[in-house]
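The structure appears right after this line, and notes come after that.
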Amino acid sequence: MLPAGVKAGRNDPCPCGSGRKFKHCCGALAAASQDAVAAAPPPAPSAPAAQREPDLAALLALLRQGRLAEVETSASRLLEHDAESGTVWKILGVARARQGRDALPALRKAAQLLPTDAEAHRNLGAVLREQGQLEEAFASLERVLAIEPYDLPVLVAAADCLCALGRAREAVPLYERALERNPRLPEAHNNLGNALQELGDCRRAVGCYRQALTLDAGDAEALGNLGNALRRLGQLEEALECTQRATALAPASSVAHNNQGLTLAALARPQEAIASFRRAVELNPRFAQALQNLGNMLCDAGDYRGAREAYARAIELEPQRADTHYHLGRALYELGELAESIASYRRALALQPAQREAQLGLATALRLEGPASEAEAGCRAILDAEPGHVGALALLGELAADRGDFVQAEALFQRALALDGSSVAVLCSIPAHRRMTGADGAWLERAEQALAKPLPLAHETGLRYALGKYYDDLGRYPEAFAAYARANELSKRHGSGYDRAGLERQVDEIMGRFDRALVSEPQRGASDSELPVLVVGMPRSGTTLTEQILASHPEAFGAGEVKFWDRAAELFTGAGPGAAARGSALAELAHDYLARLGERSGGARRVIDKMPANFLHAGLIHAALPRARILHMQRHPLDTCLSLYFQNFGDRQPHARDLDSLAHYYAQYVRITNHWRAVLPQSTLLEVPYEALVANQEEWTRRMLEFVGLPWDPRCLDFHRTERVVITASRWQVRQKINARSIGRWRNYEQYLTPLRSLLELAGHGGSA
């Protein structure tokens, strides 16, 4: 699900064409009139007035005829004799502008020489505005209004400039002044509505848009703007009607389709909203806000890969928008790309340091990637600025739970819940950190109230898993399984599916590459380091418990799940044939892995890497690090698979979403671990049955310590007291004394587990417990 407290909301588009469309009404560039010729400054001594006026009249005639190149030639010739003629400079500037050439030097000169000529300033303002130089454009238009206070097109154009500069409050009086003089200006009503909407006064904005539509009922832009304002007022059905009329009137308008998408999103019609945003982007591939809106909806729908692509395209177009970097960070977080997520959050904060959501997103990612101290500092910085920030409180609770301080975690969750009783992040966190009881009826009521409303996919999925945990703790097993089944069905809507054939091919290739001959022979480039201890096995098979036991030894350090060997396997595969290439690749992998462990270990003799899925790479690990020790955790297959099915992995373990896929994945796990059992030296691999470890903790703890080369230390028996950060789903269990509560749990759900029954014989359980 989403990081705690991080919103999945959709930003309203900006006022300059992303959703609330401004209609520009500033007229075309004006040349000097005959009156202006007559009022021109006195001629220079070298140019007699009798000669100058016919020349100017001829120049104007050429301009009216559209003979613009001749205008330029003639104007330049006149300026050779009279360089201070503001009227000639003005005509030259207009001619150049109409040809799409650089007109600003001439127009600036004209405005300088004709300080009281409204036309000269109007022309300069129009070109500056067209080129996006809005501050200067407004200054020129302001000069026009000082000369002609009720020039209606300029009043509206100046107000538009102010809105584009983020000064909507100053724009409102200018629009109102224009409408006082002429209330039949639809564009002024529309743009005044935009300014009011920008200021949050949507009710007045609606009145403005309706007035614009009274004057021009077929105005698609005003219809779209009206739809936006109605949406923000919660009048969603009428808003949708407006946006649909707008797209019917202007089917090629990307803005109209974007507006319709926003309304459909507010109506909780995500697939239709996605289609509208896609259409907006098809019509205008450079529409950055529509790309961001599309990414937001894809995130809500669980398609984080599609969202990542949309955000990346939006950032290419507008790299300075902090909110797009934040949203990209959120999508990357959900995809498990934590380093990239952190980088995106940091870019967002570099652009907008006080963006609370980016601060929280960064802290959320740092909680998993480290350091935890920076994550906590980030939360406290948010709370210093905003003491009631629910997301920061919830994340502080998670960080407390990671340290094993569940009392503080519960207090923080309850404090957050008191501020926002519908916070999905908090409602999901509470059951994850303790056993629920009949006294938690208020929690159940709040969870059911939240589920009764439309929610983003990740939020609903997380709440369904939490509901399953609640019912399981209370022994209401049919209700628990129903909740978990629904959660897993929802989870299937996330981007990736389970590729059965792909996993089979991977296992075949690994077994073929790391055969007995390769594994049994010393490899060139291998390291003789004994630092690494790898704990592998199916997820939920006791890997966290084993790490916690070993990490309680004073000479060992628990590094958690180190992401390394999946990528290392890709690099090794691409290293090329031959012992030399293989040896070079192994040497590089060993060096990089040991450096990674050494960064965290603080000089420990052993570092425990408990990435369960490293069972795929045991052969490669042994080839690169033959003195590394591998502990293989084994647990009853039905308990293992049931626990996986009950866990919210987001998009990271697609095989865990249905029992048939789990059975297939487990069968491939058995294939590859049987292979390692046959080819790896006995000194490399120790099989640790979870049930035996629980039943005979001291015996198996001694065996594990001896296997990894550490002396006995009784502190390993009190592993639940060890103060260290544990982030996995088992962090609550490993802070309890060892117990057998989870052994045989599958019997509570036996009636539902038919697809898993074949695993009993496959794993050597002979069809029984």
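Chain lettering (A, B, ...) mirrors the order of the structure tokens, residue numbering begins at 1 for each chain separately, and ligand numbering begins at 1 in order of display.
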For this session: Could you give me, as a PyMOL selection string, each residue of stretch 265-333 of chain A that DSSP assigns to helix (DSSP H, G or I) when run on this structure's backbone?
Result: chain A and resi 265-266+270-283+288-300+304-317+322-333
Exercise. Which neighbours of A:Leu396 fall inside 12 Å, counting only C-alpha atoms, when residues of the same chain fewer than 6 positions from it are skipped, and could you give them as an NGL selection string?
Worked result: :A and (4-5 or 360 or 363-364 or 367 or 372-383 or 389-390 or 402-403 or 405-406 or 408-416 or 426 or 429)
For this session: Apply DSSP to the backbone of this structure and, from stretch 491-571 of chain A, keep only the residues in strand (DSSP E or B); write these as number ranges by chain.
Result: A: 532-537, 556-558
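Take atom CA of A:Pro711 and atom CA of A:Ser527: the distance between them is 23.3 Å.
Going from atom CA of A:Cys428 to atom CA of A:Gly462 covers 6.4 Å.
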